[in-house]
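Here is the structure we will look at, set down as structure tokens.
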Amino acid sequence: MKNIYTTVLSILFILNTIGLLAQTETIASNRKSISLDGKWKYIVDPMQNGYYNYRYQVNPNGFFKDKRPTDESDLVEYSFDNSDQLNVPGDWNTQKENLFFYEGTIWYKKSFIYVKNGSRVFLYFGAVNYEARVYLNGEELAVHQGGFTPFNFEVTDLLKSGKNDVVVKVDNTRKPEQIPTVNSDWYNFGGITRSVRLIEVPQTFIQDYSIQLKKGSLSEVEGWVKLQGPSRSLVKIEIPEEKISIIAQPDANGLAKVTFKSKLNLWSDINPKLYEVKITTKEDTITDKIGFRSIEVNGRDILLNGKSVFLKGISIHEVAPFTAGRVIAPEQCRTLLNWAKELGCNFVRLAHYPHNEDMVRMADEMGLMVWSEIPVYWTIDWKNENVFSHAQKQLLDMIARDKNRAAVIMWSVANETPISEARTDFLRRLVETAREVDSTRLLTGALEPHGSDSLRLLDDPFGQYLDVIGVNNYCGWYYETPSFCSDVKWKMIYEKPLIISEFGGGALQGLHGNESERWTEEYQEAVYKNNIDMLENIPYLRGTTPWILMDFLSARRPLPNIQDYWNRKGLISDRGIKKKAFYTLQKYYLKENSN
Ligand code: GCB
């Protein structure tokens, strides 16, 4: 077997040398930690005056120095002390009315007391959208880009016993060379959107681990544990419930490989069994809850633990019910996933970017299989090698965080990207990257069909690299009217499983009329009924994730009194009220259960 850990390291090394990675390698985050969540002071800085001087050169005495006037004549034109506060985690847009449409820089500051105790300490961010420039006690640590993946820095030497200050310059300006780029159909929520923590570890600690069933096997577990630090003591991996206890010897790089056979109770949507897995070294212990399952394709079938499965899914944005903002609490994840369960789902598409870790862990516990994706969305700058590296890094970070979650059965590398040679090459390389670091999951992407309205043809050349073909198709919404859709036929050039990864239409909850009236619940219901008729005529269909569970904010959707900057394609309103189409899809999934 290829040493996947070495592959990850070499990719990270290449990224590092071209200056795209400033943070230390991702560390496993399921550890006790000191939370830095709560109120943070903030300064809105649309001119980036806290970073550049009047000649637009980087100012060595920017806001990160957190200066205070030394006497009454001293000129200091900012003050964290006298500034207002924002909640972390949280987007700024839905916390302050005047920041609703704000895109640009905001400086965050948090003071905290720390007592040094000999541990190594990492400053860990769940996610910051989009660019985070992080300072500790006035020193710049590094810059991180990408709004949905975690990052961390070792701060052992910079931390003081007593009062410490973290300052973060957060910038959510949309730019063509970013992932996503300037154009998307979801809200560009800015801010420190996920938790911030200090993680204390011993001098040599368990930096990361991967423990999963070996590809193609239902009984062989294969994985690795990576130590960081000087000591190379033995590593013990235990699954107490199965009386499994394995000892492994780390190599000079701290990598200990593990394989063992056992008749495990396998994870599935019907039996979401998670085992407590304990990893111990002389100095460190980490425990996790891990499920074991296999996922493969065979011709046009998707096999979960060797048995064909139909993916009854729904697409979900990481938007909280009732608040309109980003998800900030586990209960909000639970509400969303409970709705998916009520709908009859065994599958969720976490669109269009990696959702927070709680969401994925909860899916693991609830028996919901997951499609997880990176925001390679619409029109990316395909020919720019830096953009590719950036997309690749987001993909690697997503996989690094969730590789031990049985629920995640497929990685998606793209959504609705326009066909060209450069784009197909870009996406092919992403697929190859994912396969190198994770051989156990399926690769997918949401493509677009061609052909006529009544015969949808799937021949996108990118399909050749995927295990499962996803396709978005808005019959009855962006083309034709709902009644047209039931007779639409499909032709796909690939002998692979197909998932209709999006269909749907908008409805303002509570607006009623006849089914030809746009924006009524009846119109949306007709879109669902007729599209479901169409689905039932596709023999190689292996799942669907209609668009979308709940209404979500989108600055592209201004229609007054209907949208008011909401995409209304939710089956549930932002106030948690189910629309008629919810029950149409629920009925279809109930029927699929009895088939
Ligand atoms: C799509 C996109 C999704 C949009 C949706 C829509 O095809 O993938 O991000 O929100 O259509 O509502 O138009």
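By convention here, the chains of the structure tokens are called A, B, ... in the order presented, each chain's residues are numbered starting at 1, and ligands are numbered starting at 1 in the order presented.
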
Residue neighbourhood region 193-196 of chain A, 9 Å, only C-alpha atoms, exclusion window fewer than 5 positions, as a tab-separated table (two decimals) with C-alpha atoms, in the first residue's frame:
```tsv
chain	number	residue	atom	x	y	z
A	34	ILE	CA	-9.77	26.16	26.50
A	35	SER	CA	-12.52	27.98	24.66
A	36	LEU	CA	-11.91	31.50	23.38
A	37	ASP	CA	-15.50	31.78	22.21
A	88	VAL	CA	-17.64	34.26	18.27
A	89	PRO	CA	-18.54	31.93	16.70
A	90	GLY	CA	-20.84	33.84	14.43
A	91	ASP	CA	-21.12	35.74	11.18
A	92	TRP	CA	-21.13	39.52	11.51
A	123	LEU	CA	-4.40	28.11	18.73
A	124	TYR	CA	-7.18	26.41	16.76
A	125	PHE	CA	-9.81	28.07	14.55
A	126	GLY	CA	-12.79	26.02	13.32
A	127	ALA	CA	-13.21	28.41	10.38
A	128	VAL	CA	-12.92	32.07	9.46
A	129	ASN	CA	-14.43	33.51	6.30
A	147	GLY	CA	-13.76	30.08	4.75
A	148	PHE	CA	-14.80	26.58	5.78
A	150	PRO	CA	-9.98	24.52	10.31
A	326	ARG	CA	-24.40	30.64	9.99
A	327	VAL	CA	-24.87	27.62	12.21
A	328	ILE	CA	-23.15	28.29	15.53
A	356	ASN	CA	-18.86	22.43	10.74
```

Applying 12 Å and only C-alpha atoms, which residues near Phe153 (chain A) remain after dropping the ones on its own chain fewer than 2 positions away? List them as a PyMOL selection string. chain A and resi 21-27+120-125+133-136+140-144+150-151+155-159+196-200

Mind pulling up the distance from CA of Arg361 (chain A) to CA of Gln212 (chain A)?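 Between these atoms lies a distance of 15.2 Å.
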
Write out as a list in words the residues lying within 9 Å of Ser501 (chain A), counting only C-alpha atoms and excluding same-chain residues fewer than 3 positions away.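 Surrounding residues, per the criterion: Gly313, Ile314, Ser315, Arg349, Gly445, Ala446, Leu447, Ile469, Gly470, Val471, Asn472, Asn473, Leu498, Gly543, Thr544, Thr545, Pro546 and Trp547 of chain A.
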
Residue selection dump (N, CA and C atoms) as a CSV table (one decimal), in the first residue's frame:
```
chain,number,residue,atom,x,y,z
A,313,GLY,N,-31.9,11.6,-0.3
A,313,GLY,CA,-31.2,12.7,0.3
A,313,GLY,C,-31.9,14.0,0.2
A,314,ILE,N,-31.2,15.0,0.8
A,314,ILE,CA,-31.6,16.4,0.7
A,314,ILE,C,-30.4,17.2,0.8
A,315,SER,N,-30.3,18.3,0.0
A,315,SER,CA,-29.2,19.3,0.1
A,315,SER,C,-29.5,20.2,1.3
A,349,ARG,N,-26.7,16.0,1.4
A,349,ARG,CA,-25.6,16.7,0.7
A,349,ARG,C,-25.3,18.0,1.4
A,445,GLY,N,-19.2,14.7,-8.1
A,445,GLY,CA,-19.3,16.2,-8.4
A,445,GLY,C,-20.7,16.4,-9.0
A,446,ALA,N,-21.1,17.6,-8.9
A,446,ALA,CA,-22.5,18.0,-9.5
A,446,ALA,C,-22.3,18.6,-10.9
A,447,LEU,N,-22.6,17.8,-11.9
A,447,LEU,CA,-22.5,18.2,-13.3
A,447,LEU,C,-23.8,18.8,-13.8
A,469,ILE,N,-21.9,9.8,-10.5
A,469,ILE,CA,-22.2,11.1,-11.3
A,469,ILE,C,-23.3,11.8,-10.6
A,470,GLY,N,-23.1,13.1,-10.2
A,470,GLY,CA,-24.1,13.9,-9.7
A,470,GLY,C,-24.5,14.9,-10.8
A,471,VAL,N,-25.8,15.2,-10.9
A,471,VAL,CA,-26.2,16.2,-11.9
A,471,VAL,C,-27.4,17.0,-11.4
A,472,ASN,N,-27.3,18.3,-11.7
A,472,ASN,CA,-28.3,19.3,-11.2
A,472,ASN,C,-29.2,19.6,-12.4
A,473,ASN,N,-30.5,19.6,-12.2
A,473,ASN,CA,-31.4,19.8,-13.3
A,473,ASN,C,-32.7,20.5,-12.8
A,498,LEU,N,-26.0,7.2,-10.8
A,498,LEU,CA,-26.4,8.6,-11.0
A,498,LEU,C,-27.2,9.1,-9.8
A,543,GLY,N,-29.9,7.8,-6.3
A,543,GLY,CA,-30.2,8.7,-5.2
A,543,GLY,C,-30.5,10.1,-5.7
A,544,THR,N,-31.0,10.9,-4.8
A,544,THR,CA,-31.2,12.3,-5.1
A,544,THR,C,-31.1,13.2,-3.9
A,545,THR,N,-30.7,14.4,-4.1
A,545,THR,CA,-30.6,15.4,-3.0
A,545,THR,C,-31.2,16.7,-3.5
A,546,PRO,N,-32.6,16.8,-3.5
A,546,PRO,CA,-33.2,18.0,-4.1
A,546,PRO,C,-32.7,19.3,-3.4
A,547,TRP,N,-33.0,20.4,-4.0
A,547,TRP,CA,-32.5,21.7,-3.6
A,547,TRP,C,-33.7,22.4,-3.0
```

List every residue of chain A that has an atom at most 9 Å from any atom of ligand 1, giving for each one its closest atom pair and the distance in Å to one decimal, counting only C-alpha atoms and all ligand atoms, sorted by chain and then by ascending residue number, as a Markdown table.
```
| residue | atom | partner | partner_atom_place_in_ligand_line | distance |
| --- | --- | --- | --- | --- |
| A:Ser184 | CA | ligand 1 | 9 (O) | 7.0 |
| A:Asp185 | CA | ligand 1 | 10 (O) | 4.9 |
| A:Trp186 | CA | ligand 1 | 10 (O) | 6.7 |
| A:Ala351 | CA | ligand 1 | 9 (O) | 7.7 |
| A:His352 | CA | ligand 1 | 9 (O) | 7.1 |
| A:Tyr377 | CA | ligand 1 | 8 (O) | 7.7 |
| A:Trp378 | CA | ligand 1 | 8 (O) | 8.1 |
| A:Asn415 | CA | ligand 1 | 8 (O) | 6.1 |
| A:Glu416 | CA | ligand 1 | 8 (O) | 6.2 |
| A:Ala446 | CA | ligand 1 | 8 (O) | 7.9 |
| A:Glu448 | CA | ligand 1 | 7 (O) | 8.7 |
| A:Asn472 | CA | ligand 1 | 7 (O) | 6.0 |
| A:Asn473 | CA | ligand 1 | 7 (O) | 7.4 |
| A:Tyr474 | CA | ligand 1 | 7 (O) | 7.6 |
| A:Trp477 | CA | ligand 1 | 13 (O) | 9.0 |
| A:Tyr478 | CA | ligand 1 | 13 (O) | 8.1 |
| A:Ser501 | CA | ligand 1 | 8 (O) | 8.7 |
| A:Glu502 | CA | ligand 1 | 7 (O) | 6.7 |
| A:Phe503 | CA | ligand 1 | 7 (O) | 8.0 |
| A:Gly504 | CA | ligand 1 | 12 (O) | 7.9 |
| A:Gly505 | CA | ligand 1 | 12 (O) | 7.4 |
| A:Gly506 | CA | ligand 1 | 12 (O) | 7.8 |
| A:Trp547 | CA | ligand 1 | 5 (C) | 6.9 |
| A:Ile548 | CA | ligand 1 | 12 (O) | 8.3 |
| A:Phe552 | CA | ligand 1 | 10 (O) | 8.8 |
| A:Ser554 | CA | ligand 1 | 10 (O) | 8.2 |
| A:Asn567 | CA | ligand 1 | 12 (O) | 6.2 |
| A:Arg568 | CA | ligand 1 | 12 (O) | 7.8 |
| A:Lys569 | CA | ligand 1 | 12 (O) | 6.3 |
```

Same residues, C-alpha atoms, saved as a JSON list (two decimals), in the first residue's frame:
```json
[["chain", "number", "residue", "atom", "x", "y", "z"],
["A", 184, "SER", "CA", -22.14, 32.35, -5.83],
["A", 185, "ASP", "CA", -25.71, 31.80, -4.70],
["A", 186, "TRP", "CA", -25.21, 31.83, -0.97],
["A", 351, "ALA", "CA", -23.58, 21.95, 0.12],
["A", 352, "HIS", "CA", -21.44, 23.72, -1.13],
["A", 377, "TYR", "CA", -18.45, 26.43, -7.69],
["A", 378, "TRP", "CA", -19.43, 27.84, -11.10],
["A", 415, "ASN", "CA", -20.59, 22.10, -8.54],
["A", 416, "GLU", "CA", -21.94, 23.18, -11.94],
["A", 446, "ALA", "CA", -22.46, 17.95, -9.49],
["A", 448, "GLU", "CA", -24.94, 19.71, -15.73],
["A", 472, "ASN", "CA", -28.29, 19.30, -11.23],
["A", 473, "ASN", "CA", -31.41, 19.79, -13.32],
["A", 474, "TYR", "CA", -34.10, 22.42, -12.78],
["A", 477, "TRP", "CA", -38.12, 26.09, -12.73],
["A", 478, "TYR", "CA", -35.32, 27.38, -14.96],
["A", 501, "SER", "CA", -27.98, 16.25, -6.93],
["A", 502, "GLU", "CA", -30.37, 19.18, -7.39],
["A", 503, "PHE", "CA", -33.89, 19.89, -8.59],
["A", 504, "GLY", "CA", -36.57, 22.10, -7.09],
["A", 505, "GLY", "CA", -38.27, 25.46, -7.23],
["A", 506, "GLY", "CA", -39.00, 28.45, -5.04],
["A", 547, "TRP", "CA", -32.54, 21.67, -3.56],
["A", 548, "ILE", "CA", -32.96, 22.40, -0.61],
["A", 552, "PHE", "CA", -31.34, 30.53, 2.89],
["A", 554, "SER", "CA", -28.60, 34.93, -0.88],
["A", 567, "ASN", "CA", -33.44, 31.81, -1.95],
["A", 568, "ARG", "CA", -36.92, 30.37, -1.41],
["A", 569, "LYS", "CA", -36.32, 26.87, -2.72]]
```

Compile the contact shell of Glu276 (chain A) as a PDB file with C-alpha atoms, in the first residue's frame: residues with an atom at most 7 Å away, counting only C-alpha atoms, same-chain residues fewer than 3 positions apart removed.
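Output below, filename around-v7.pdb:
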```
ATOM      1  CA  ILE A 239     -11.469  -0.838  20.858  1.00  0.00           C
ATOM      2  CA  THR A 287     -10.423   8.876  22.271  1.00  0.00           C
ATOM      3  CA  ASP A 288     -12.854   9.045  19.427  1.00  0.00           C
ATOM      4  CA  LYS A 289     -16.097   7.430  18.321  1.00  0.00           C
ATOM      5  CA  ILE A 290     -15.545   5.697  15.034  1.00  0.00           C
TER       6      ILE A 290
END
```

Please, which residues in region 171-199 of chain A fall within 8 Å of region 105-110 of chain A when counting only C-alpha atoms, and what is the closest atom pair and distance in Å to one decimal for each, ordered by chain then residue number, as CSV?
```
residue,atom,partner,partner_atom,distance
A:Asp171,CA,A:Thr105,CA,4.3
A:Asn172,CA,A:Thr105,CA,6.8
A:Thr173,CA,A:Thr105,CA,7.6
A:Gly191,CA,A:Ile106,CA,7.7
```

Can those selected residues be exported to a file as a PDB file, in the first residue's frame so that it contains N, CA and C atoms?
```
ATOM      1  N   ASP A 171     -11.101  39.226   6.574  1.00  0.00           N
ATOM      2  CA  ASP A 171     -11.486  39.915   5.336  1.00  0.00           C
ATOM      3  C   ASP A 171     -12.324  38.966   4.480  1.00  0.00           C
ATOM      4  N   ASN A 172     -13.569  39.337   4.225  1.00  0.00           N
ATOM      5  CA  ASN A 172     -14.414  38.465   3.387  1.00  0.00           C
ATOM      6  C   ASN A 172     -14.657  39.068   2.010  1.00  0.00           C
ATOM      7  N   THR A 173     -13.749  39.933   1.555  1.00  0.00           N
ATOM      8  CA  THR A 173     -13.877  40.494   0.201  1.00  0.00           C
ATOM      9  C   THR A 173     -13.856  39.358  -0.825  1.00  0.00           C
ATOM     10  N   GLY A 191     -16.622  36.726   9.046  1.00  0.00           N
ATOM     11  CA  GLY A 191     -16.373  36.655  10.483  1.00  0.00           C
ATOM     12  C   GLY A 191     -15.677  35.383  10.925  1.00  0.00           C
TER      13      GLY A 191
END
```

Show me, as a list in words, the residues that have an atom within 12 Å of Tyr565 (chain A) when counting only C-alpha atoms, minus same-chain residues fewer than 3 positions from it. Phe100, Phe101, Asp185, Trp186, Tyr187, Ala324, Asp551, Phe552, Leu553, Ser554, Ala555, Arg556, Arg557, Pro558, Leu559, Pro560, Asn561, Ile562 and Arg568 of chain A

Tyr209 (chain A) surroundings by only C-alpha atoms, 6 Å radius, close-in-sequence under 5 positions cut, as a ChimeraX atom specification: /A:224-226

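Nearest-residue note for Leu430 (chain A): choosing from A:Leu458, A:Ile211, A:Ile374, A:Val408, the minimum distance belongs to A:Ile374, counting only C-alpha atoms.
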